[in-house]
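Enquirer: Sharing entry24.pdb here; it has PDB, C-alpha atoms and all ligand atoms.
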```pdb
ATOM      1  CA  MET A   1     -57.023 -25.382  39.681
ATOM      2  CA  ILE A   2     -57.677 -26.080  43.309
ATOM      3  CA  ILE A   3     -59.311 -29.189  44.722
ATOM      4  CA  LYS A   4     -60.614 -28.903  48.250
ATOM      5  CA  ILE A   5     -59.821 -32.009  50.256
ATOM      6  CA  SER A   6     -60.922 -30.965  53.723
ATOM      7  CA  ASN A   7     -63.986 -32.964  54.737
ATOM      8  CA  LEU A   8     -63.708 -35.050  51.569
ATOM      9  CA  SER A   9     -64.956 -38.524  52.443
ATOM     10  CA  ASP A  10     -63.378 -41.630  50.959
ATOM     11  CA  GLY A  11     -64.528 -42.360  47.426
ATOM     12  CA  SER A  12     -64.128 -41.421  43.778
ATOM     13  CA  TYR A  13     -64.619 -37.951  42.384
ATOM     14  CA  ASN A  14     -64.400 -36.190  39.044
ATOM     15  CA  TYR A  15     -63.423 -32.613  38.474
ATOM     16  CA  GLU A  16     -63.236 -30.485  35.372
ATOM     17  CA  PHE A  17     -61.234 -27.363  34.906
ATOM     18  CA  GLU A  18     -61.066 -25.080  31.941
ATOM     19  CA  GLY A  19     -59.738 -21.675  31.184
ATOM     20  CA  GLU A  20     -57.266 -19.681  29.170
ATOM     21  CA  VAL A  21     -53.798 -21.184  28.761
ATOM     22  CA  ALA A  22     -52.208 -17.976  30.059
ATOM     23  CA  GLU A  23     -53.934 -18.563  33.402
ATOM     24  CA  ILE A  24     -51.840 -21.679  33.993
ATOM     25  CA  GLY A  25     -48.631 -20.122  32.723
ATOM     26  CA  LEU A  26     -48.600 -21.589  29.219
ATOM     27  CA  SER A  27     -47.911 -19.797  25.983
ATOM     28  CA  GLU A  28     -46.873 -20.771  22.452
ATOM     29  CA  PRO A  29     -47.340 -23.179  20.869
ATOM     30  CA  TYR A  30     -50.362 -23.515  23.137
ATOM     31  CA  THR A  31     -53.222 -21.209  22.304
ATOM     32  CA  GLY A  32     -56.761 -20.690  23.455
ATOM     33  CA  LYS A  33     -58.258 -22.790  26.190
ATOM     34  CA  TYR A  34     -57.158 -25.731  28.261
ATOM     35  CA  GLU A  35     -59.476 -28.489  29.408
ATOM     36  CA  THR A  36     -58.428 -30.678  32.324
ATOM     37  CA  ASN A  37     -60.286 -33.716  33.591
ATOM     38  CA  ILE A  38     -59.411 -35.080  36.992
ATOM     39  CA  GLU A  39     -60.225 -38.486  38.407
ATOM     40  CA  LEU A  40     -59.583 -38.533  42.102
ATOM     41  CA  SER A  41     -59.737 -41.441  44.514
ATOM     42  CA  LYS A  42     -59.707 -40.583  48.182
ATOM     43  CA  PHE A  43     -58.597 -43.184  50.697
ATOM     44  CA  GLN A  44     -58.004 -42.868  54.396
ATOM     45  CA  ASP A  45     -54.293 -42.163  54.069
ATOM     46  CA  GLN A  46     -53.833 -41.183  50.448
ATOM     47  CA  ILE A  47     -55.317 -39.513  47.405
ATOM     48  CA  ILE A  48     -54.645 -40.853  43.937
ATOM     49  CA  LEU A  49     -55.155 -38.332  41.186
ATOM     50  CA  ASN A  50     -55.273 -38.931  37.440
ATOM     51  CA  SER A  51     -55.147 -35.830  35.311
ATOM     52  CA  GLU A  52     -55.789 -35.476  31.589
ATOM     53  CA  THR A  53     -55.422 -32.168  29.814
ATOM     54  CA  LYS A  54     -56.229 -31.204  26.253
ATOM     55  CA  ILE A  55     -54.989 -27.987  24.738
ATOM     56  CA  GLU A  56     -55.003 -26.750  21.179
ATOM     57  CA  ALA A  57     -51.591 -25.790  19.853
ATOM     58  CA  GLY A  58     -50.575 -23.844  16.779
ATOM     59  CA  MET A  59     -47.688 -25.755  15.259
ATOM     60  CA  VAL A  60     -45.329 -25.284  12.334
ATOM     61  CA  CYS A  61     -44.349 -28.396  10.386
ATOM     62  CA  ASP A  62     -40.621 -29.165  10.521
ATOM     63  CA  ARG A  63     -40.691 -30.570   7.006
ATOM     64  CA  CYS A  64     -42.887 -28.290   4.913
ATOM     65  CA  GLY A  65     -43.089 -25.180   7.096
ATOM     66  CA  GLU A  66     -46.897 -25.062   6.953
ATOM     67  CA  LYS A  67     -48.888 -24.082  10.016
ATOM     68  CA  TYR A  68     -51.275 -26.636  11.456
ATOM     69  CA  ASP A  69     -53.385 -26.989  14.575
ATOM     70  CA  GLN A  70     -53.097 -29.967  16.876
ATOM     71  CA  VAL A  71     -54.771 -30.831  20.149
ATOM     72  CA  ILE A  72     -52.008 -31.935  22.473
ATOM     73  CA  LYS A  73     -53.011 -34.313  25.216
ATOM     74  CA  SER A  74     -51.000 -34.578  28.416
ATOM     75  CA  GLU A  75     -51.585 -36.870  31.349
ATOM     76  CA  HIS A  76     -50.143 -37.358  34.758
ATOM     77  CA  LYS A  77     -50.776 -39.373  37.846
ATOM     78  CA  MET A  78     -49.993 -38.171  41.335
ATOM     79  CA  VAL A  79     -50.196 -39.812  44.735
ATOM     80  CA  TYR A  80     -50.709 -37.569  47.738
ATOM     81  CA  LEU A  81     -49.890 -39.197  51.035
ATOM     82  CA  LEU A  82     -51.829 -37.805  53.944
ATOM     83  CA  ARG A  83     -50.086 -37.447  57.273
ATOM     84  CA  GLY A  84     -47.168 -39.142  55.576
ATOM     85  CA  THR A  85     -43.895 -39.572  57.361
ATOM     86  CA  GLU A  86     -40.944 -37.890  55.685
ATOM     87  CA  GLU A  87     -39.343 -41.122  54.598
ATOM     88  CA  GLU A  88     -37.249 -41.267  51.451
ATOM     89  CA  ASN A  89     -39.220 -42.148  48.374
ATOM     90  CA  GLU A  90     -37.752 -42.758  44.933
ATOM     91  CA  SER A  91     -40.852 -41.774  43.051
ATOM     92  CA  VAL A  92     -41.172 -38.194  41.889
ATOM     93  CA  ASP A  93     -44.925 -38.548  41.633
ATOM     94  CA  VAL A  94     -45.559 -38.733  45.358
ATOM     95  CA  VAL A  95     -46.384 -35.664  47.372
ATOM     96  CA  TYR A  96     -46.614 -35.543  51.148
ATOM     97  CA  LEU A  97     -49.419 -33.460  52.538
ATOM     98  CA  ASN A  98     -49.511 -32.054  56.018
ATOM     99  CA  ALA A  99     -52.181 -33.325  58.330
ATOM    100  CA  ASP A 100     -53.933 -29.960  58.134
ATOM    101  CA  ALA A 101     -53.731 -29.592  54.353
ATOM    102  CA  ASP A 102     -57.172 -28.609  53.107
ATOM    103  CA  LYS A 103     -56.563 -28.387  49.370
ATOM    104  CA  ILE A 104     -54.473 -29.543  46.432
ATOM    105  CA  ASN A 105     -53.350 -27.162  43.714
ATOM    106  CA  ILE A 106     -52.635 -29.031  40.490
ATOM    107  CA  LYS A 107     -51.893 -25.984  38.349
ATOM    108  CA  ASN A 108     -48.105 -26.350  38.222
ATOM    109  CA  ASP A 109     -48.243 -30.081  37.509
ATOM    110  CA  VAL A 110     -50.710 -29.593  34.671
ATOM    111  CA  ARG A 111     -48.466 -26.879  33.234
ATOM    112  CA  ASP A 112     -45.277 -28.955  33.540
ATOM    113  CA  TYR A 113     -46.755 -32.053  31.943
ATOM    114  CA  ALA A 114     -48.305 -29.972  29.161
ATOM    115  CA  LEU A 115     -44.848 -28.585  28.398
ATOM    116  CA  LEU A 116     -43.375 -32.095  28.334
ATOM    117  CA  ALA A 117     -46.093 -33.216  25.939
ATOM    118  CA  ILE A 118     -45.094 -30.822  23.163
ATOM    119  CA  PRO A 119     -43.668 -33.135  20.491
ATOM    120  CA  MET A 120     -39.994 -32.681  19.637
ATOM    121  CA  LYS A 121     -40.711 -33.518  16.029
ATOM    122  CA  LYS A 122     -43.511 -31.442  14.594
ATOM    123  CA  LEU A 123     -45.128 -32.878  11.493
ATOM    124  CA  CYS A 124     -48.376 -31.700   9.890
ATOM    125  CA  SER A 125     -48.963 -35.372   9.048
ATOM    126  CA  GLU A 126     -46.960 -38.582   9.427
ATOM    127  CA  ASP A 127     -46.319 -38.767   5.700
ATOM    128  CA  CYS A 128     -45.640 -35.104   5.029
ATOM    129  CA  LYS A 129     -43.602 -34.955   1.808
ATOM    130  CA  GLY A 130     -41.809 -31.752   2.752
ATOM    131  CA  LEU A 131     -40.424 -29.193   0.347
ATOM    132  CA  CYS A 132     -38.559 -29.588  -2.932
ATOM    133  CA  CYS A 133     -34.913 -29.145  -2.050
ATOM    134  CA  LYS A 134     -34.402 -27.237  -5.292
ATOM    135  CA  TRP A 135     -37.362 -24.893  -5.664
ATOM    136  CA  GLY A 136     -38.918 -25.092  -2.211
ATOM    137  CA  LYS A 137     -42.314 -26.104  -3.524
ATOM    138  CA  ASN A 138     -44.577 -27.799  -0.985
ATOM    139  CA  LEU A 139     -44.664 -31.375  -2.302
ATOM    140  CA  ASN A 140     -47.885 -32.124  -0.414
ATOM    141  CA  GLU A 141     -49.590 -29.947  -3.018
ATOM    142  CA  GLY A 142     -48.214 -31.909  -5.951
ATOM    143  CA  VAL A 143     -45.093 -32.921  -7.802
ATOM    144  CA  CYS A 144     -42.597 -30.133  -8.313
ATOM    145  CA  GLU A 145     -42.020 -29.048 -11.883
ATOM    146  CA  CYS A 146     -38.270 -29.010 -11.382
ATOM    147  CA  ASN A 147     -38.288 -32.747 -12.157
ATOM    148  CA  GLU A 148     -39.879 -32.145 -15.556
ATOM    149  CA  ASN A 149     -37.483 -29.319 -16.283
ATOM    150  CA  GLU A 150     -34.510 -31.549 -15.593
ATOM    151  CA  ILE A 151     -35.732 -33.828 -18.339
ATOM    152  CA  ASP A 152     -36.301 -30.823 -20.565
ATOM    153  CA  ASP A 153     -32.737 -29.646 -20.003
ATOM    154  CA  LYS A 154     -31.346 -33.040 -20.835
ATOM    155  CA  TRP A 155     -33.230 -33.255 -24.116
ATOM    156  CA  LYS A 156     -32.691 -29.656 -25.176
ATOM    157  CA  PRO A 157     -29.623 -30.327 -27.383
ATOM    158  CA  LEU A 158     -31.549 -33.023 -29.177
ATOM    159  CA  LEU A 159     -34.526 -30.752 -29.668
ATOM    160  CA  LYS A 160     -32.190 -28.088 -31.041
ATOM    161  CA  LEU A 161     -30.731 -30.495 -33.542
ATOM    162  CA  LYS A 162     -34.176 -31.563 -34.521
ATOM    163  CA  ASN A 163     -35.345 -28.010 -35.054
ATOM    164  CA  ASN A 164     -32.278 -27.049 -37.103
ATOM    165  CA  ARG A 165     -32.747 -29.877 -39.429
TER     166      ARG A 165
HETATM  167 ZN    ZN B 201     -45.663 -30.802   6.651
HETATM  168 ZN    ZN B 202     -38.612 -29.190  -7.275
END
```
Before anything else, please render the file you have as C-alpha cells.
Ligand SMILES: [Zn+2]
Ligand SMILES: [Zn+2]

Expert:
Amino acid sequence: MIIKISNLSDGSYNYEFEGEVAEIGLSEPYTGKYETNIELSKFQDQIILNSETKIEAGMVCDRCGEKYDQVIKSEHKMVYLLRGTEEENESVDVVYLNADADKINIKNDVRDYALLAIPMKKLCSEDCKGLCCKWGKNLNEGVCECNENEIDDKWKPLLKLKNNR
C-alpha cells in the first residue's frame, strides 16, 4: 500500500487499494479482501491523508452464539509534514518525512486502525434476544417452550386431581 510522493504536484488525489487481508497482516475475525480508499491532499509542506477501509469479518454473537458476517469500516487521518523540523508534537497522527522521502507506506496504519475497529461487543443485531438461560434455545427463532412447561408443571397436581375424579 505504497503511495509515491516524489514529483507529486500540489493538489487532491484519490487512491484505491485492495487485496487479501493476510497481505496487510490481518487475520480473524477479518476474512477475505480489504478495500481501502485514500483521499490525499498535497500541499507545499504537508500531505493530509484520509483513509477509509472496509473489510468483511466473520463474527460470533456474544449473546446467542450464532455466526454472522459484518463489514467493519475503519478510518484514519494522517498528516505528513515535509521537511519538518523535529519539534515536539502532541498529536500521534503527525508523521515527519525526510526531505528526500519519495513514498508513503500506509499498510501498518491501515492494519492498526482495522484492529481498533473490531467491536468489543459483538451482536448479530442490536436487539438480539440471546439464548434461553434454561434450555439454551436461540430466542431469536421463537419463544422457548420451557416457559410453557413451567406452567404445565404448576398445573400438574390439579390435572391429576381432575383425572382421578
Ligand atoms: Zn445474536
Ligand atoms: Zn427456555

Enquirer: Report as a PyMOL selection string the full result of the PyMOL selection byres (((chain A and resi 32) around 9) and not hetatm) when it is applied to this structure.

Expert: chain A and resi 19-22+30-31+33-34+55-57

Enquirer: For Cys128 of chain A, which of A:Glu145, A:Glu66, A:Asp93, A:Glu16 is the closest residue, counting only C-alpha atoms?

Expert: A:Glu66

Enquirer: What does the distance from atom CA of Ala101 of chain A to atom CA of Leu40 of chain A come to in Å, to one decimal?

Expert: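 Distance between the two atoms: 16.3 Å.
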
Enquirer: Which is closer to Glu18 of chain A than all the others in A:Lys107, A:Lys4, A:His76, A:Arg63, using all atoms listed in the file?

Expert: A:Lys107

Enquirer: So which residues are near ligand ZN 202 (chain B), meaning at most 12 Å away with all atoms listed in the file counted, given back as a ChimeraX atom specification?

Expert: /A:129-150

Enquirer: I'd like the contact shell of Lys67 of chain A - 8 Å cut-off, only C-alpha atoms, skipping same-chain residues fewer than 5 positions apart - returned as a ChimeraX atom specification.

Expert: /A:58-61,124
